[in-house]
Structure formats: C-alpha cells, structure tokens
Amino acid sequence: MKSPLRLWKMTDKEFVPYVPAEKTLPEFTLKAILIGAMLTIIFGAANCYLGLYAGMTVCASIPAAVISMGILKGVLKKGTILENNMAQTIGSAGESLAAGIIFTIPALVIVGAWEEFPYWPIFFVTLLGGLLGVSFMIPLRQAFIVEEEELVYPEGLACDKVLEVGDKGGVGVIYVFLALAVGALFKFFTTGARLVKQTVEGSVVAGKSTLYFGGDMSVALLGVGYIVGFNIGSLIFIGGVIAWLVAIPIYSGLHVTSLTGMAPLDIAWHLWESQIRYMGVGAMLVGGIWSIISARHGILSGFNKAVAGFKRAQATVSIKRTEMDLPMNKVLLAVIPVAMAIFGLYYFVIGSLAISFVATIAMIIAGFFFVAVSSYIVGLVGSSNNPVSGMTICTVLFASGLLLACGMTGLPGLVAAMMVAAVVCIASCSAGDMSQDLKTGYLVGATPRKQQLGQVMGVLFPCFIMAPILTLLLKGYGFMGAQGEIVGGPAGQTVGEALKAPQASLFAALTDMMFTGQRLPWDMFLTGAIIASLIIVADQVLKNKKSSFRMHVMPVAVGIYLPLSLAVPIFAGGILNSVVRRITRRRAVEDEEEANHRGILVSSGLIAGEAMMGILLAGVIVAGVSLPTIIDSNIVSLLIFVLMIAFLIHIALRGKKA
C-alpha cells in the first residue's frame with residue numbers, strides 16, 4: 001500500500017519539491033505577511049488560554065494553512081502555494097511562543113514575585129526567547145531538514161499535504177469556521193450563561209482510601225485529544241490513572257488519620273496538589289534525560305553536518321533558490337546582541353549584576369543545547385511528543401543549582417531561575433515549530449531565507465499581546481496556586497473555576513521550595529522516576545516488536561501532573577480519532593486521510609472558538625458584568641457534551657471532501 005505521507009516526487013533519486021527551484025512564485029508578499037500576522041496573534045492568544053487551562057498547546061500550522069488558503073483563494077481569489085506557506089509559517093509562530101510563556105512566566109505571579117504581568121518584561125522575554133530559538137535553529141536546517149532521513153517531521157508533512165490539496169482546489173476552511181462558532185457557543189454556555197457545568201466530578205471513600213473520578217466539559221480538550229490521536233491521548237489518561245486512581249487511593253489509605261474531617265473530594269484534590277503531582281517532576285526529569293540520550297547520536301551528527309555545511313556555504317558562489325538560508329555568519333553574530341539584551345532584561349527584572357550574569361550564562365548553555373534537542377526530537381515523534389516540559393524542568397534544576405551554588409537564594413534567585421527557564425522554554429518551542437515549518441517549506445519548494453524572515457516576523461507580532469492576555473486571564477479567572485489556593489481572579493471565584501496553570505504552578509512550588517530551604521518531596525520524585533523508567537523499558541519492548549502503539553514517557557508524565565478531569569476529555573478525543581480511522585479505513589486510504597483531515601480542522605476550530613470566547617468572557621468578568629446560572633445539572637452537562645462529540649464525528653465521517 002502506498003503511504004499517504006509520500007507527498008513528493010522523485011526523479012532519478014533526486015528530490016523535486018512541489019515548486020521546483022528554477023521556478024519563481026510570489027512568496028514574501030504583503031498580503032501573506034498581514035494574514036500571517038493576524039493568525040499568529042489569534043493562535044497566540046488562543047493557546048495562552050488553552051495552555052493555562054489544560055497544560056497543553058497544539059500545533060497551529062494546519063489550521064493556519066487552511067484559513068490563509070481560504071482567504072487567499074476564497075476571498076481574494078488570488079494567491080500562490082508559497083504565499084500560503086509563508087502565511088502559515090508566520091501564523092503558527094504564536095502558538096509556540098504561547099507555550100513557552102504559559103509554562104513558566106505565570107509562576108512568578110503564583111509565588112508572589114509579581115502582582116500582575118508587566119508589559120515590557122513580558123514583551124522582551126517573549127521576543128528575545130523567540131529570536132534565540134530562530135537563530136540557534138537556522139544553522140541546523142540543512143542537517144536536520146534536508147540531510148537527516150530519519151527525521152520525518154510529522155506535522156510538517158501533514159501541513160505540506162494541506163497546502164498541496166488547497167493549491168489544487170480543496171480548502172476546507174468552512175469546517176474551521178463552523179467549529180469555531182460551535183466552540184465559542186459551547187464555552188459561552190459553560191462560563192457565560194452557565195448551562196453546562198465546567199467539571200462533572202465526584203469522590204467517595206472506599207475503606208480507608210479515597211477514590212476520585214471526573215471530567216471537564218470542554219470541546220477544546222476534546223479537540224486536543226482528536227489532534228494528538230489515540231496513542232498520545234491514551235498515555236495522558238494512563239498518567240492520570242496512575243496519579244488519581246492508584247497513587248491517591250494508596251496515599252490516602254496510608255495517611256487516613258491526618259485527613260480526618262475532610263470531604264472525599266477535598267481529600268483527593270489536596271493530596272494531588274500537595275504530594276502526588278510531584279511524581280510528574282520525577283517522571284518528566286527522567287523522560288527529558290532519556291530523550292536527550294536517545295537523540296544524542298543524531299544531534300551530534302547534526303552539529304557536525306551543520307559545521308561542514310557552514311564551511312561549504314562560505315565557499316559557495318551560487319546556490320539554488322530552495323537552498324538559500326540567511327547568511328550564517330550574520331545569524332551567528334546576531335546571537336551576541338540578543339544575549340546582551342537578555343542580560344539587560346535580567347538585570348532590569350532582578351536588579352543584581354552578579355545574578356544576571358550567572359543567569360545569562362545558564363540561559364545560553366541550556367538554550368543552545370535544548371534548541372537542538374527540540375528541533376531533532378520533533379522530527380522523530382512530532383510536536384505533540386516534544387518533551388518541552390522535561391527540558392524546562394532540567395533547565396529549572398540546572399539554573400537553580402548554579403544560582404544556589406553561587407550563594408544566590410531567596411526571591412531574587414527564584415526570579416532568575418524562572419527567567420532562565422522562560423527564555424529557554426520559549427526558544428525550544430519556537431525552534432520546534434520552525435523545524436516543522438521549514439520541513440513543509442522544503443517539500444513545497446519555499447525559499448528558506450524568506451521563510452526564516454517570516455518566522456522572525458511571526459515571533460514579533462504576538463509579543464505585543466502576551467502581557468495583556470495573561471493579565472486579563474489572571475483577573476478574569478485566576479490561577480491555581482502552588483498549594484491549591486487561587487491567585488488572582490474575581491471575588492468569590494472557586495478553585496474549580498480558576499485556570500489550573502499546571503506547569504506554572506508546579507514550577508512555582510518547586511522553585512519556592514528550593515530557594516526558601518523547604519524540604520523537597522523526594523519520595524514523590526523518586527516514585528515518578530521509577531514509573532518513568534518502567535515506561536521506558538515497556539516502550540523499548542514495543543519498539544522492538546514494531547508495535548504501532550508506543551509508550552512515550554512524556555505524555556504519561558504530563559498526565560500525572562494534570563488533573564484527571566482534563567485527561568478524560570483528551571482521552572475521549574483520542575478515542576474519536578481512532579473510531580473515525582477504523583470506520584473509514586474499510587473504504588480506502590484516501591477516505592481515511594480525508595476524514596481525519598476534516599476531524600483535525602473541526603478540532604482546531606473547536607479549540608480556537610472555546611479559547612477566544614474564554615478570553616472574551618474574561619474581559620466581561622473583569623468589567624464587572626454578572627453572569628447568570630441557568631441550570632446546574634451533571635446530566636444536562638453530559639448530554640450537551642455528548643452532542644459535541646456527535647458533531648465532531650458526524651463532520652469527520654459525513655462532511656464533503658475538504
């Protein structure tokens with residue numbers, strides 16, 4: 001059977017892109033830049049909300065490509081595939097910046113270092129982290145994107161297919177906008193009119209143990225699950241089961257006397273917040289280290305090829321359009337002012353030259369290393385499996401250890417560690433997104449130099465809105481604090497209504513312990529590390545058996561430190577993806593891919609719709625407008641959520657050809 005991912009043509013074993021090198025089409029045009037700017041701001045804002053709510057973001061390349069094609073082909077009636085590729089390159093950058101920001105910066109508000117999000121520090125940490133990721137990744141393009149056959153870059157391949165299909169007449173933008181409206185309406189009935197409960201949950205005591213189960217009524221999470229697929233959705237759910245249905249019952253049974261007088265639901269949440277979720281730190285740390293070990297040969301090979309390619313580029317007089325990168329010497333020189341600007345930013349925020357200097361050194365070392373790791377790993381397993389959380393944990397521990405060794409304790413040291421982690425996390429996420437986009441560009445025949453400039457513009461535009469969006473979400477919903485309290489939010493806000501900010505609250509608790517001399521939960525760290533080690537062994541067995549189902553450790557680690565209520569709808573979305581594929585596979589490969597493509601578009605629309613309505617409602621809450629509660633019923637909430645599941649699966653199976 002011919003693989004649907006074989007999207008390019010081969011002539012005498014020489015690669016031929018969709019647009020050959022000798023052919024020139026409009027690419028870096030004003031309309032492509034404006035469309036990309038609009039999309040990167042939208043997806044940046046949407047993923048700020050999604051990441052703070054669910055602890056996950058999703059690749060924006062495919063919906064950005066579909067929407068830009070709809071505008072170029074449907075509205076303007078004019079546009080080339082290279083313009084569309086440029087628009088999606090710029091448009092998808094906001095998602096990666098949002099991921100880097102929301103995993104780290106809210107921790108500074110949670111620990112009390114900041115009362116809200118200052119505009120210019122957020123602007124510059126986003127901009128400089130993004131530019132650092134772009135600068136460090138460009139020298140690796142030839143080695144990772146062109147020469148390394150093992151690196152397939154799944155999202156890059158899928159986006160290439162969308163662009164080629166769109167260039168031939170199929171777009172599918174109607175599905176994105178239809179789902180966007182449905183997602184927005186659903187979120188309005190969840191947080192606005194309160195027709196649907198945000199979380200349906202319950203807990204009981206069985207013997208001495210506390211048992212919990214629940215699920216968030218979120219079409220955004222359903223869409224996330226559909227996009228990441230059954231394998232990843234299952235692993236996130238398995239992590240949730242380990243934490244909530246195994247660890248919490250065991251721990252509550254062993255410590256029942258200290259929990260006397262608490263309601264079962266309060267016991268479950270208290271134990272997860274204060275103890276169990278720290279197993280995720282141990283699992284993430286082991287997963288991050290294992291990812292580096294697994295990719296070490298490829299990364300070293302990539303470095304060697306990048307150095308050799310740099311020397312060749314310096315001696316080359318004329319090269320093809322499709323091989324033109326930004327000048328390597330200028331790219332590498334650009335790192336110097338970026339690093340100096342980051343030092344200035346650290347000094348402005350921290351107020352200490354010594355701490356700022358140590359933080360900058362830690363950032364450069366970790367940033368360069370993890371940009372390479374991120375760029376390589378997303379090529380192997382895709383952006384959904386990119387171990388950014390593990391790399392960020394490694395960075396937090398590395399920076400904290402270095403700062404503590406230099407005698408830097410207390411709040412200044414904590415702020416420095418989180419600022420280092422923020423820049424490295426943003427750079428790693430930006431490099432991973434850029435790698436997928438450059439793979440798409442390589443397949444369609446884009447000019448790398450122009451695409452790299454587009455990525456820089458995609459980094460710039462969302463920087464202007466990050467601080468206001470974060471502040472709005474803080475005031476409108478509040479974040480769950482390190483000990484389960486609510487930080488920010490309107491008066492009377494409950495823990496269930498606040499944004500969980502899973503990574504940020506976890507990193508806040510971890511760094512607060514380290515810099516204030518509190519005892520770290522080593523037993524939980526060790527337990528998580530043992531679980532991760534067993535998962536790695538199981539994955540190696542599955543790999544040797546060439547199983548289609550894999551036990552990637554990072555999604556399990558994510559599931560451990562996420563509330564189970566978030567993992568349930570993600571798992572449901574993964575099941576839907578599997579159901580759609582199984583039903584359509586009986587017809588033909590083309591039908592399966594077409595249905596899955598529609599499902600991804602609908603899922604992307606649901607995510608964007610719920611997120612944008614969530615941001616809008618935060619503004620309504622901050623403005624002091626009271627929101628009514630129409631009904632408060634678990635049954636009604638579940639029925640409406642089932643209707644959303646039916647909507648997604650109906651469009652995927654019965655929709656017209658996209």
# chains A, B, ... in the order shown; residues from 1 in each chain; ligands from 1
$ residues_around --residues "Met418 of chain A" --least-positions-apart "5" --cutoff "9 Å" --atoms "only C-alpha atoms" --output "NGL selection string"
:A and (104-105 or 107-108 or 396 or 399-400 or 413 or 423 or 507-508 or 511)
$ closest_atom_pairs --of "segment 389-491 of chain A" --to "segment 31-47 of chain A" --cutoff "7 Å" --atoms "only C-alpha atoms" --output "tab-separated table"
residue	atom	partner	partner_atom	distance
A:Gly458	CA	A:Thr40	CA	6.3
A:Phe461	CA	A:Ala37	CA	6.2
A:Pro462	CA	A:Ile41	CA	4.9
A:Ile469	CA	A:Ala45	CA	6.7
$ write_last_selection --atoms "all heavy atoms" --output "short mmCIF file (atom, residue, chain, number, x, y, z; two decimals), in the first residue's frame"
data_model
loop_
_atom_site.label_atom_id
_atom_site.label_comp_id
_atom_site.auth_asym_id
_atom_site.auth_seq_id
_atom_site.Cartn_x
_atom_site.Cartn_y
_atom_site.Cartn_z
N GLY A 458 6.82 36.31 12.61
CA GLY A 458 5.84 35.56 13.40
C GLY A 458 6.15 35.61 14.88
O GLY A 458 5.24 35.54 15.72
N PHE A 461 5.08 39.70 16.15
CA PHE A 461 3.70 40.18 16.29
C PHE A 461 3.01 39.76 17.60
O PHE A 461 2.38 40.60 18.26
CB PHE A 461 2.87 39.72 15.09
CG PHE A 461 3.28 40.36 13.79
CD1 PHE A 461 3.62 39.58 12.69
CD2 PHE A 461 3.34 41.73 13.66
CE1 PHE A 461 4.00 40.16 11.49
CE2 PHE A 461 3.73 42.33 12.47
CZ PHE A 461 4.06 41.54 11.38
N PRO A 462 3.10 38.49 18.03
CA PRO A 462 2.37 38.11 19.26
C PRO A 462 2.95 38.73 20.52
O PRO A 462 2.26 38.76 21.55
CB PRO A 462 2.52 36.57 19.30
CG PRO A 462 3.01 36.17 17.96
CD PRO A 462 3.75 37.33 17.42
N ILE A 469 -3.05 39.68 27.50
CA ILE A 469 -3.86 38.45 27.56
C ILE A 469 -3.65 37.75 28.90
O ILE A 469 -4.61 37.31 29.55
CB ILE A 469 -3.50 37.51 26.40
CG1 ILE A 469 -3.92 38.11 25.06
CG2 ILE A 469 -4.15 36.13 26.60
CD1 ILE A 469 -5.41 38.26 24.89
#
$ select_by_dssp --residues "segment 438-634 of chain A" --states "alpha helix (DSSP H)" --output "ChimeraX atom specification"
/A:438-444,448-476,502-516,522-544,553-561,564-585,589-622,634
$ residues_around --residues "segment 56-61 of chain A" --least-positions-apart "6" --cutoff "9 Å" --atoms "only C-alpha atoms" --output "PyMOL selection string"
chain A and resi 40+43+47-48+50+88-89+91-96+98-99+155-156+159+224+227-228+383-384+433+436-437+558+604
$ atom_distance --atom1 "atom CA of Ala532 of chain A" --atom2 "atom CA of Ile232 of chain A"
15.4 Å
$ closest_residue --among "A:Ser626, A:Ser505, A:Ser435, A:Thr190" --to "Pro490 of chain A" --atoms "only C-alpha atoms"
A:Ser626
$ closest_residue --among "A:Arg519, A:Lys475, A:Lys208, A:Lys78" --to "Leu499 of chain A" --atoms "only C-alpha atoms"
A:Lys475
